$ cat upload13.csv   # CSV, N, CA and C atoms
chain,number,residue,atom,x,y,z
Z,1,MET,N,-8.1,10.8,-10.2
Z,1,MET,CA,-6.9,10.8,-9.4
Z,1,MET,C,-6.4,9.3,-9.2
Z,2,MET,N,-7.3,8.4,-9.1
Z,2,MET,CA,-6.9,7.0,-8.8
Z,2,MET,C,-6.0,6.4,-9.8
Z,3,ASN,N,-6.2,6.7,-11.0
Z,3,ASN,CA,-5.3,6.1,-12.1
Z,3,ASN,C,-4.4,7.1,-12.7
Z,4,SER,N,-4.2,8.2,-12.1
Z,4,SER,CA,-3.3,9.2,-12.6
Z,4,SER,C,-1.9,8.7,-12.6
Z,5,PRO,N,-1.1,8.8,-13.7
Z,5,PRO,CA,0.3,8.4,-13.8
Z,5,PRO,C,1.1,8.9,-12.6
Z,6,PHE,N,0.9,10.2,-12.2
Z,6,PHE,CA,1.6,10.8,-11.1
Z,6,PHE,C,1.3,10.0,-9.8
Z,7,VAL,N,0.0,9.8,-9.5
Z,7,VAL,CA,-0.3,9.1,-8.3
Z,7,VAL,C,0.2,7.6,-8.3
Z,8,MET,N,0.2,7.0,-9.5
Z,8,MET,CA,0.7,5.6,-9.6
Z,8,MET,C,2.2,5.6,-9.3
Z,9,GLU,N,2.9,6.6,-9.8
Z,9,GLU,CA,4.4,6.7,-9.6
Z,9,GLU,C,4.7,6.9,-8.1
Z,10,GLN,N,3.9,7.8,-7.5
Z,10,GLN,CA,4.1,8.1,-6.1
Z,10,GLN,C,3.8,6.9,-5.2
Z,11,ALA,N,2.7,6.2,-5.6
Z,11,ALA,CA,2.4,5.0,-4.9
Z,11,ALA,C,3.5,4.0,-4.9
Z,12,ARG,N,4.1,3.8,-6.1
Z,12,ARG,CA,5.3,2.9,-6.2
Z,12,ARG,C,6.4,3.3,-5.3
Z,13,HIS,N,6.7,4.6,-5.3
Z,13,HIS,CA,7.8,5.1,-4.4
Z,13,HIS,C,7.4,4.9,-2.9
Z,14,PHE,N,6.2,5.2,-2.6
Z,14,PHE,CA,5.7,4.9,-1.2
Z,14,PHE,C,5.9,3.5,-0.8
Z,15,ALA,N,5.5,2.6,-1.7
Z,15,ALA,CA,5.6,1.1,-1.5
Z,15,ALA,C,7.1,0.7,-1.3
Z,16,GLU,N,7.9,1.2,-2.2
Z,16,GLU,CA,9.3,0.8,-2.2
Z,16,GLU,C,10.0,1.3,-0.9
Z,17,ASN,N,9.6,2.5,-0.5
Z,17,ASN,CA,10.1,3.1,0.8
Z,17,ASN,C,9.7,2.2,2.0
Z,18,LEU,N,8.4,1.8,2.0
Z,18,LEU,CA,8.0,0.9,3.0
Z,18,LEU,C,8.7,-0.4,3.0
Z,19,LEU,N,8.8,-1.0,1.9
Z,19,LEU,CA,9.4,-2.3,1.8
Z,19,LEU,C,10.9,-2.3,2.0
Z,20,ALA,N,11.5,-1.2,2.0
Z,20,ALA,CA,13.0,-1.1,2.3
Z,20,ALA,C,13.2,-1.3,3.8
Z,21,GLN,N,12.2,-1.3,4.6
Z,21,GLN,CA,12.3,-1.6,6.0
Z,21,GLN,C,12.1,-3.1,6.2
Z,22,LYS,N,13.1,-3.8,5.9
Z,22,LYS,CA,13.1,-5.3,5.9
Z,22,LYS,C,12.9,-5.9,7.2
Z,23,ASP,N,13.1,-5.2,8.3
Z,23,ASP,CA,13.0,-5.8,9.7
Z,23,ASP,C,11.6,-5.7,10.2
Z,24,LYS,N,10.6,-5.1,9.4
Z,24,LYS,CA,9.3,-4.9,9.9
Z,24,LYS,C,8.3,-5.9,9.3
Z,25,SER,N,7.3,-6.3,10.1
Z,25,SER,CA,6.3,-7.2,9.6
Z,25,SER,C,5.3,-6.4,8.7
Z,26,ASP,N,4.4,-7.1,8.0
Z,26,ASP,CA,3.4,-6.5,7.2
Z,26,ASP,C,2.5,-5.6,8.1
Z,27,ALA,N,2.2,-6.1,9.3
Z,27,ALA,CA,1.3,-5.2,10.2
Z,27,ALA,C,2.1,-4.0,10.6
Z,28,ASP,N,3.4,-4.0,10.8
Z,28,ASP,CA,4.1,-2.8,11.1
Z,28,ASP,C,4.2,-1.9,9.9
Z,29,LEU,N,4.4,-2.5,8.7
Z,29,LEU,CA,4.4,-1.7,7.5
Z,29,LEU,C,3.1,-1.0,7.3
Z,30,LEU,N,2.0,-1.7,7.6
Z,30,LEU,CA,0.7,-1.1,7.4
Z,30,LEU,C,0.5,0.1,8.4
Z,31,GLN,N,1.0,-0.1,9.6
Z,31,GLN,CA,0.9,1.0,10.6
Z,31,GLN,C,1.7,2.2,10.1
Z,32,THR,N,2.9,2.0,9.6
Z,32,THR,CA,3.7,3.0,9.1
Z,32,THR,C,3.0,3.7,7.9
Z,33,ALA,N,2.4,3.0,7.0
Z,33,ALA,CA,1.7,3.5,5.8
Z,33,ALA,C,0.6,4.4,6.3
Z,34,TYR,N,-0.2,4.0,7.2
Z,34,TYR,CA,-1.3,4.8,7.7
Z,34,TYR,C,-0.8,6.1,8.4
Z,35,LEU,N,0.3,5.9,9.2
Z,35,LEU,CA,0.8,7.1,9.8
Z,35,LEU,C,1.3,8.1,8.8
Z,36,ARG,N,2.0,7.7,7.8
Z,36,ARG,CA,2.5,8.6,6.7
Z,36,ARG,C,1.4,9.2,5.9
Z,37,ALA,N,0.4,8.4,5.6
Z,37,ALA,CA,-0.7,8.9,4.7
Z,37,ALA,C,-1.7,9.7,5.4
Z,38,TYR,N,-2.1,9.3,6.6
Z,38,TYR,CA,-3.2,10.0,7.3
Z,38,TYR,C,-2.8,10.6,8.7
Z,39,SER,N,-1.5,10.5,9.1
Z,39,SER,CA,-1.1,11.0,10.3
Z,39,SER,C,-1.8,10.5,11.5
Z,40,ARG,N,-2.2,9.2,11.4
Z,40,ARG,CA,-2.8,8.5,12.5
Z,40,ARG,C,-2.6,7.0,12.4
Z,41,PRO,N,-2.6,6.3,13.5
Z,41,PRO,CA,-2.4,4.9,13.4
Z,41,PRO,C,-3.6,4.2,12.7
Z,42,ALA,N,-3.4,3.1,12.1
Z,42,ALA,CA,-4.4,2.3,11.5
Z,42,ALA,C,-5.3,1.6,12.6
Z,43,GLU,N,-6.5,1.5,12.4
Z,43,GLU,CA,-7.4,0.8,13.3
Z,43,GLU,C,-7.3,-0.7,13.0
Z,44,ALA,N,-7.7,-1.5,14.0
Z,44,ALA,CA,-7.6,-3.0,13.8
Z,44,ALA,C,-8.4,-3.5,12.6
Z,45,GLY,N,-9.5,-2.9,12.3
Z,45,GLY,CA,-10.3,-3.3,11.1
Z,45,GLY,C,-9.6,-3.0,9.8
Z,46,GLU,N,-8.9,-1.8,9.8
Z,46,GLU,CA,-8.2,-1.4,8.7
Z,46,GLU,C,-7.0,-2.3,8.4
Z,47,ILE,N,-6.3,-2.7,9.4
Z,47,ILE,CA,-5.2,-3.7,9.3
Z,47,ILE,C,-5.7,-5.0,8.7
Z,48,THR,N,-6.9,-5.5,9.2
Z,48,THR,CA,-7.5,-6.7,8.8
Z,48,THR,C,-7.8,-6.6,7.3
Z,49,ARG,N,-8.5,-5.5,6.9
Z,49,ARG,CA,-8.9,-5.4,5.5
Z,49,ARG,C,-7.7,-5.2,4.6
Z,50,ALA,N,-6.7,-4.4,5.0
Z,50,ALA,CA,-5.5,-4.2,4.2
Z,50,ALA,C,-4.7,-5.5,4.0
Z,51,THR,N,-4.6,-6.3,5.1
Z,51,THR,CA,-3.9,-7.6,5.0
Z,51,THR,C,-4.6,-8.5,4.0
Z,52,ALA,N,-6.0,-8.5,4.1
Z,52,ALA,CA,-6.7,-9.4,3.2
Z,52,ALA,C,-6.6,-8.9,1.7
Z,53,PHE,N,-6.5,-7.6,1.5
Z,53,PHE,CA,-6.3,-7.0,0.2
Z,53,PHE,C,-5.0,-7.4,-0.3
Z,54,LEU,N,-3.9,-7.3,0.5
Z,54,LEU,CA,-2.6,-7.7,0.1
Z,54,LEU,C,-2.5,-9.2,-0.3
Z,55,ALA,N,-3.2,-10.1,0.5
Z,55,ALA,CA,-3.2,-11.5,0.2
Z,55,ALA,C,-3.9,-11.8,-1.1
Z,56,ARG,N,-5.1,-11.2,-1.3
Z,56,ARG,CA,-5.9,-11.5,-2.5
Z,56,ARG,C,-5.2,-11.0,-3.7
Z,57,TYR,N,-4.6,-9.8,-3.6
Z,57,TYR,CA,-3.9,-9.2,-4.8
Z,57,TYR,C,-2.7,-10.1,-5.2
Z,58,ASP,N,-2.0,-10.5,-4.1
Z,58,ASP,CA,-0.8,-11.4,-4.4
Z,58,ASP,C,-1.2,-12.7,-5.1
Z,59,GLU,N,-2.3,-13.2,-4.6
Z,59,GLU,CA,-2.8,-14.5,-5.2
Z,59,GLU,C,-3.2,-14.3,-6.6
Z,60,LYS,N,-3.8,-13.2,-7.0
Z,60,LYS,CA,-4.2,-13.0,-8.3
Z,60,LYS,C,-3.0,-12.7,-9.2
Z,61,LEU,N,-2.0,-12.1,-8.7
Z,61,LEU,CA,-0.8,-11.7,-9.5
Z,61,LEU,C,0.1,-12.9,-9.8
Z,62,GLN,N,-0.1,-14.0,-9.0
Z,62,GLN,CA,0.8,-15.1,-9.1
Z,62,GLN,C,0.8,-15.7,-10.5
Z,63,ALA,N,-0.4,-15.6,-11.2
Z,63,ALA,CA,-0.5,-16.2,-12.6
Z,63,ALA,C,0.3,-15.4,-13.6
Z,64,THR,N,0.5,-14.1,-13.4
Z,64,THR,CA,1.2,-13.3,-14.3
Z,64,THR,C,2.6,-12.8,-13.9
Z,65,GLU,N,2.9,-12.9,-12.6
Z,65,GLU,CA,4.2,-12.4,-12.1
Z,65,GLU,C,4.7,-13.5,-11.2
Z,66,THR,N,5.7,-14.3,-11.6
Z,66,THR,CA,6.2,-15.4,-10.9
Z,66,THR,C,7.3,-15.0,-9.9
Z,67,ASP,N,7.9,-13.8,-10.1
Z,67,ASP,CA,9.0,-13.3,-9.2
Z,67,ASP,C,8.3,-12.8,-7.9
Z,68,ALA,N,8.5,-13.4,-6.8
Z,68,ALA,CA,7.8,-13.0,-5.5
Z,68,ALA,C,8.2,-11.6,-5.1
Z,69,ALA,N,9.4,-11.2,-5.3
Z,69,ALA,CA,9.9,-9.8,-4.9
Z,69,ALA,C,9.2,-8.8,-5.7
Z,70,LYS,N,9.1,-9.0,-7.0
Z,70,LYS,CA,8.4,-8.0,-7.9
Z,70,LYS,C,6.9,-8.0,-7.6
Z,71,ARG,N,6.4,-9.2,-7.3
Z,71,ARG,CA,5.0,-9.2,-7.0
Z,71,ARG,C,4.7,-8.5,-5.7
Z,72,ARG,N,5.6,-8.6,-4.7
Z,72,ARG,CA,5.4,-7.9,-3.5
Z,72,ARG,C,5.3,-6.4,-3.7
Z,73,VAL,N,6.2,-5.9,-4.5
Z,73,VAL,CA,6.3,-4.4,-4.8
Z,73,VAL,C,4.9,-4.0,-5.5
Z,74,LYS,N,4.5,-4.8,-6.4
Z,74,LYS,CA,3.2,-4.5,-7.1
Z,74,LYS,C,2.0,-4.5,-6.2
Z,75,VAL,N,2.0,-5.5,-5.3
Z,75,VAL,CA,0.9,-5.6,-4.3
Z,75,VAL,C,0.9,-4.4,-3.4
Z,76,TRP,N,2.1,-4.1,-2.9
Z,76,TRP,CA,2.1,-2.9,-1.9
Z,76,TRP,C,1.9,-1.6,-2.7
Z,77,THR,N,2.3,-1.5,-3.9
Z,77,THR,CA,2.0,-0.3,-4.7
Z,77,THR,C,0.5,-0.1,-4.9
Z,78,GLY,N,-0.2,-1.2,-5.1
Z,78,GLY,CA,-1.7,-1.2,-5.2
Z,78,GLY,C,-2.3,-0.7,-3.9
Z,79,LEU,N,-1.8,-1.1,-2.8
Z,79,LEU,CA,-2.3,-0.7,-1.5
Z,79,LEU,C,-2.0,0.8,-1.3
Z,80,CYS,N,-0.8,1.2,-1.6
Z,80,CYS,CA,-0.4,2.6,-1.4
Z,80,CYS,C,-1.2,3.5,-2.3
Z,81,GLN,N,-1.5,3.0,-3.5
Z,81,GLN,CA,-2.4,3.8,-4.5
Z,81,GLN,C,-3.8,4.0,-3.9
Z,82,VAL,N,-4.3,3.0,-3.3
Z,82,VAL,CA,-5.6,3.1,-2.6
Z,82,VAL,C,-5.6,4.2,-1.5
Z,83,LEU,N,-4.5,4.1,-0.7
Z,83,LEU,CA,-4.4,5.1,0.4
Z,83,LEU,C,-4.3,6.5,-0.1
Z,84,LEU,N,-3.5,6.7,-1.2
Z,84,LEU,CA,-3.3,8.0,-1.7
Z,84,LEU,C,-4.5,8.6,-2.4
Z,85,ALA,N,-5.4,7.7,-2.9
Z,85,ALA,CA,-6.6,8.2,-3.6
Z,85,ALA,C,-7.8,8.2,-2.7
Z,86,SER,N,-7.7,7.9,-1.5
Z,86,SER,CA,-8.8,7.9,-0.5
Z,86,SER,C,-9.3,9.3,-0.2
Z,87,ASN,N,-10.5,9.4,0.2
Z,87,ASN,CA,-11.1,10.7,0.6
Z,87,ASN,C,-10.3,11.3,1.8
Z,88,GLU,N,-9.9,10.4,2.7
Z,88,GLU,CA,-9.2,10.8,3.9
Z,88,GLU,C,-7.8,11.5,3.6
Z,89,PHE,N,-7.2,11.0,2.5
Z,89,PHE,CA,-5.9,11.6,2.1
Z,89,PHE,C,-6.2,12.9,1.3
Z,90,VAL,N,-7.2,12.9,0.5
Z,90,VAL,CA,-7.4,14.0,-0.4
Z,90,VAL,C,-8.0,15.2,0.3
Z,91,PHE,N,-9.0,15.0,1.2
Z,91,PHE,CA,-9.7,16.1,1.8
Z,91,PHE,C,-9.2,16.3,3.3
Z,92,VAL,N,-9.0,17.5,3.6
Z,92,VAL,CA,-8.6,17.9,5.0
Z,92,VAL,C,-9.8,18.2,5.8
Z,93,ASN,N,-9.9,17.6,7.0
Z,93,ASN,CA,-11.0,17.9,7.9
Z,93,ASN,C,-10.8,19.2,8.6

$ encode --input "upload13.csv" --output "structure tokens"
Amino acid sequence: MMNSPFVMEQARHFAENLLAQKDKSDADLLQTAYLRAYSRPAEAGEITRATAFLARYDEKLQATETDAAKRRVKVWTGLCQVLLASNEFVFVN
């Protein structure tokens, strides 16, 4: 499921939808992402880890993607893909 073309496409749409909210900070966008994916707010540790993921991924992509706007979409798409492929998203308690 993680690398399914369908999941990757949905992750891109998810990211683009989040990033369309230009007035929100990354922390606000992360809260929105968790609410949409899991129907619950993100915990403080999850925000910390997700923020670190975004920063590391952005840093690594700088070598191959010089356009910051395109890179931001790719970085957020990666995060959204992780959320959609997680056990919490896939399995209902």

$ closest_residue --input "upload13.csv" --among "Z:Tyr38, Z:Ala15, Z:Asn3, Z:Ala63" --to "Val75 of chain Z" --atoms "all atoms listed in the file"
Z:Ala15

$ select_by_dssp --input "upload13.csv" --residues "chain Z" --states "helix (DSSP H, G or I)" --output "ChimeraX atom specification"
/Z:5-19,26-38,44-61,68-85,87-90

$ closest_residue --input "upload13.csv" --among "Z:Ala33, Z:Ala52, Z:Ala27, Z:Cys80" --to "Met8 of chain Z" --atoms "all atoms listed in the file"
Z:Cys80

$ atom_distance --input "upload13.csv" --atom1 "atom C of Trp76 of chain Z" --atom2 "atom C of Leu29 of chain Z"
10.1 Å

$ atom_distance --input "upload13.csv" --atom1 "atom N of Arg12 of chain Z" --atom2 "atom CA of Arg56 of chain Z"
18.6 Å

$ atom_distance --input "upload13.csv" --atom1 "atom CA of Arg71 of chain Z" --atom2 "atom CA of Phe89 of chain Z"
25.2 Å

$ closest_residue --input "upload13.csv" --among "Z:Thr66, Z:Thr48, Z:Gln10, Z:Thr32" --to "Leu84 of chain Z" --atoms "all atoms listed in the file"
Z:Gln10

$ closest_residue --input "upload13.csv" --among "Z:Leu79, Z:Glu43, Z:Val7, Z:Glu59" --to "Gln31 of chain Z" --atoms "all atoms listed in the file"
Z:Glu43

$ decode --input "upload13.csv" --residues "segment 54-68 of chain Z" --atoms "all heavy atoms" --output "mmCIF file, in the first residue's frame"
data_model
loop_
_atom_site.group_PDB
_atom_site.id
_atom_site.type_symbol
_atom_site.label_atom_id
_atom_site.label_comp_id
_atom_site.auth_asym_id
_atom_site.auth_seq_id
_atom_site.Cartn_x
_atom_site.Cartn_y
_atom_site.Cartn_z
ATOM 1 N N LEU Z 54 9.687 16.705 7.866
ATOM 2 C CA LEU Z 54 9.549 17.709 6.816
ATOM 3 C C LEU Z 54 10.874 18.431 6.567
ATOM 4 O O LEU Z 54 11.273 18.629 5.414
ATOM 5 C CB LEU Z 54 8.456 18.719 7.181
ATOM 6 C CG LEU Z 54 7.022 18.189 7.230
ATOM 7 C CD1 LEU Z 54 6.094 19.228 7.858
ATOM 8 C CD2 LEU Z 54 6.530 17.788 5.852
ATOM 9 N N ALA Z 55 11.554 18.802 7.636
ATOM 10 C CA ALA Z 55 12.825 19.527 7.512
ATOM 11 C C ALA Z 55 13.902 18.659 6.860
ATOM 12 O O ALA Z 55 14.630 19.117 5.967
ATOM 13 C CB ALA Z 55 13.288 20.021 8.874
ATOM 14 N N ARG Z 56 14.017 17.394 7.308
ATOM 15 C CA ARG Z 56 15.040 16.500 6.750
ATOM 16 C C ARG Z 56 14.773 16.194 5.277
ATOM 17 O O ARG Z 56 15.686 16.188 4.454
ATOM 18 C CB ARG Z 56 15.102 15.196 7.541
ATOM 19 C CG ARG Z 56 15.831 15.288 8.860
ATOM 20 C CD ARG Z 56 16.098 13.924 9.475
ATOM 21 N NE ARG Z 56 14.957 13.024 9.453
ATOM 22 C CZ ARG Z 56 14.051 12.900 10.433
ATOM 23 N NH1 ARG Z 56 14.158 13.630 11.521
ATOM 24 N NH2 ARG Z 56 13.064 12.045 10.318
ATOM 25 N N TYR Z 57 13.515 15.950 4.961
ATOM 26 C CA TYR Z 57 13.159 15.628 3.580
ATOM 27 C C TYR Z 57 13.418 16.838 2.684
ATOM 28 O O TYR Z 57 13.973 16.704 1.590
ATOM 29 C CB TYR Z 57 11.705 15.186 3.523
ATOM 30 C CG TYR Z 57 11.280 14.486 2.258
ATOM 31 C CD1 TYR Z 57 12.182 14.109 1.272
ATOM 32 C CD2 TYR Z 57 9.949 14.177 2.051
ATOM 33 C CE1 TYR Z 57 11.772 13.456 0.119
ATOM 34 C CE2 TYR Z 57 9.524 13.530 0.899
ATOM 35 C CZ TYR Z 57 10.433 13.176 -0.062
ATOM 36 O OH TYR Z 57 10.026 12.539 -1.203
ATOM 37 N N ASP Z 58 13.051 18.017 3.146
ATOM 38 C CA ASP Z 58 13.295 19.232 2.381
ATOM 39 C C ASP Z 58 14.794 19.420 2.133
ATOM 40 O O ASP Z 58 15.214 19.739 1.017
ATOM 41 C CB ASP Z 58 12.721 20.454 3.098
ATOM 42 C CG ASP Z 58 12.889 21.712 2.285
ATOM 43 O OD1 ASP Z 58 12.180 21.872 1.276
ATOM 44 O OD2 ASP Z 58 13.743 22.541 2.654
ATOM 45 N N GLU Z 59 15.577 19.197 3.157
ATOM 46 C CA GLU Z 59 17.036 19.341 3.032
ATOM 47 C C GLU Z 59 17.597 18.390 1.979
ATOM 48 O O GLU Z 59 18.435 18.766 1.162
ATOM 49 C CB GLU Z 59 17.690 19.086 4.385
ATOM 50 C CG GLU Z 59 19.179 19.311 4.403
ATOM 51 C CD GLU Z 59 19.776 19.068 5.777
ATOM 52 O OE1 GLU Z 59 19.140 19.419 6.783
ATOM 53 O OE2 GLU Z 59 20.887 18.502 5.826
ATOM 54 N N LYS Z 60 17.129 17.150 1.992
ATOM 55 C CA LYS Z 60 17.625 16.161 1.027
ATOM 56 C C LYS Z 60 17.174 16.472 -0.402
ATOM 57 O O LYS Z 60 17.905 16.220 -1.347
ATOM 58 C CB LYS Z 60 17.192 14.765 1.439
ATOM 59 C CG LYS Z 60 17.883 14.291 2.700
ATOM 60 C CD LYS Z 60 17.647 12.828 2.934
ATOM 61 C CE LYS Z 60 18.315 12.368 4.205
ATOM 62 N NZ LYS Z 60 19.762 12.359 4.143
ATOM 63 N N LEU Z 61 15.984 17.027 -0.556
ATOM 64 C CA LEU Z 61 15.475 17.329 -1.886
ATOM 65 C C LEU Z 61 16.116 18.565 -2.506
ATOM 66 O O LEU Z 61 16.028 18.752 -3.723
ATOM 67 C CB LEU Z 61 13.955 17.537 -1.842
ATOM 68 C CG LEU Z 61 13.082 16.297 -1.843
ATOM 69 C CD1 LEU Z 61 11.619 16.692 -1.771
ATOM 70 C CD2 LEU Z 61 13.338 15.443 -3.067
ATOM 71 N N GLN Z 62 16.748 19.394 -1.709
ATOM 72 C CA GLN Z 62 17.343 20.628 -2.235
ATOM 73 C C GLN Z 62 18.359 20.356 -3.335
ATOM 74 O O GLN Z 62 18.519 21.176 -4.242
ATOM 75 C CB GLN Z 62 17.983 21.435 -1.101
ATOM 76 C CG GLN Z 62 16.966 22.110 -0.226
ATOM 77 C CD GLN Z 62 17.596 22.883 0.912
ATOM 78 O OE1 GLN Z 62 18.796 23.146 0.914
ATOM 79 N NE2 GLN Z 62 16.790 23.248 1.897
ATOM 80 N N ALA Z 63 19.015 19.228 -3.282
ATOM 81 C CA ALA Z 63 20.025 18.892 -4.293
ATOM 82 C C ALA Z 63 19.391 18.603 -5.655
ATOM 83 O O ALA Z 63 20.007 18.852 -6.692
ATOM 84 C CB ALA Z 63 20.838 17.686 -3.837
ATOM 85 N N THR Z 64 18.156 18.095 -5.670
ATOM 86 C CA THR Z 64 17.531 17.713 -6.930
ATOM 87 C C THR Z 64 16.368 18.605 -7.339
ATOM 88 O O THR Z 64 15.998 18.627 -8.505
ATOM 89 C CB THR Z 64 17.025 16.257 -6.868
ATOM 90 O OG1 THR Z 64 16.102 16.129 -5.787
ATOM 91 C CG2 THR Z 64 18.179 15.288 -6.712
ATOM 92 N N GLU Z 65 15.799 19.328 -6.389
ATOM 93 C CA GLU Z 65 14.667 20.214 -6.692
ATOM 94 C C GLU Z 65 14.966 21.604 -6.146
ATOM 95 O O GLU Z 65 14.909 21.825 -4.935
ATOM 96 C CB GLU Z 65 13.370 19.667 -6.079
ATOM 97 C CG GLU Z 65 12.149 20.529 -6.337
ATOM 98 C CD GLU Z 65 11.871 20.726 -7.823
ATOM 99 O OE1 GLU Z 65 11.470 19.758 -8.473
ATOM 100 O OE2 GLU Z 65 12.072 21.854 -8.321
ATOM 101 N N THR Z 66 15.284 22.516 -7.035
ATOM 102 C CA THR Z 66 15.670 23.858 -6.593
ATOM 103 C C THR Z 66 14.477 24.783 -6.381
ATOM 104 O O THR Z 66 14.581 25.772 -5.668
ATOM 105 C CB THR Z 66 16.628 24.509 -7.610
ATOM 106 O OG1 THR Z 66 15.994 24.539 -8.893
ATOM 107 C CG2 THR Z 66 17.938 23.737 -7.691
ATOM 108 N N ASP Z 67 13.339 24.462 -6.968
ATOM 109 C CA ASP Z 67 12.135 25.273 -6.805
ATOM 110 C C ASP Z 67 11.519 24.977 -5.434
ATOM 111 O O ASP Z 67 11.030 23.874 -5.177
ATOM 112 C CB ASP Z 67 11.140 24.953 -7.923
ATOM 113 C CG ASP Z 67 9.901 25.815 -7.882
ATOM 114 O OD1 ASP Z 67 9.310 25.982 -6.789
ATOM 115 O OD2 ASP Z 67 9.512 26.324 -8.946
ATOM 116 N N ALA Z 68 11.527 25.961 -4.554
ATOM 117 C CA ALA Z 68 11.059 25.764 -3.173
ATOM 118 C C ALA Z 68 9.582 25.381 -3.108
ATOM 119 O O ALA Z 68 9.187 24.561 -2.277
ATOM 120 C CB ALA Z 68 11.314 27.025 -2.350
#
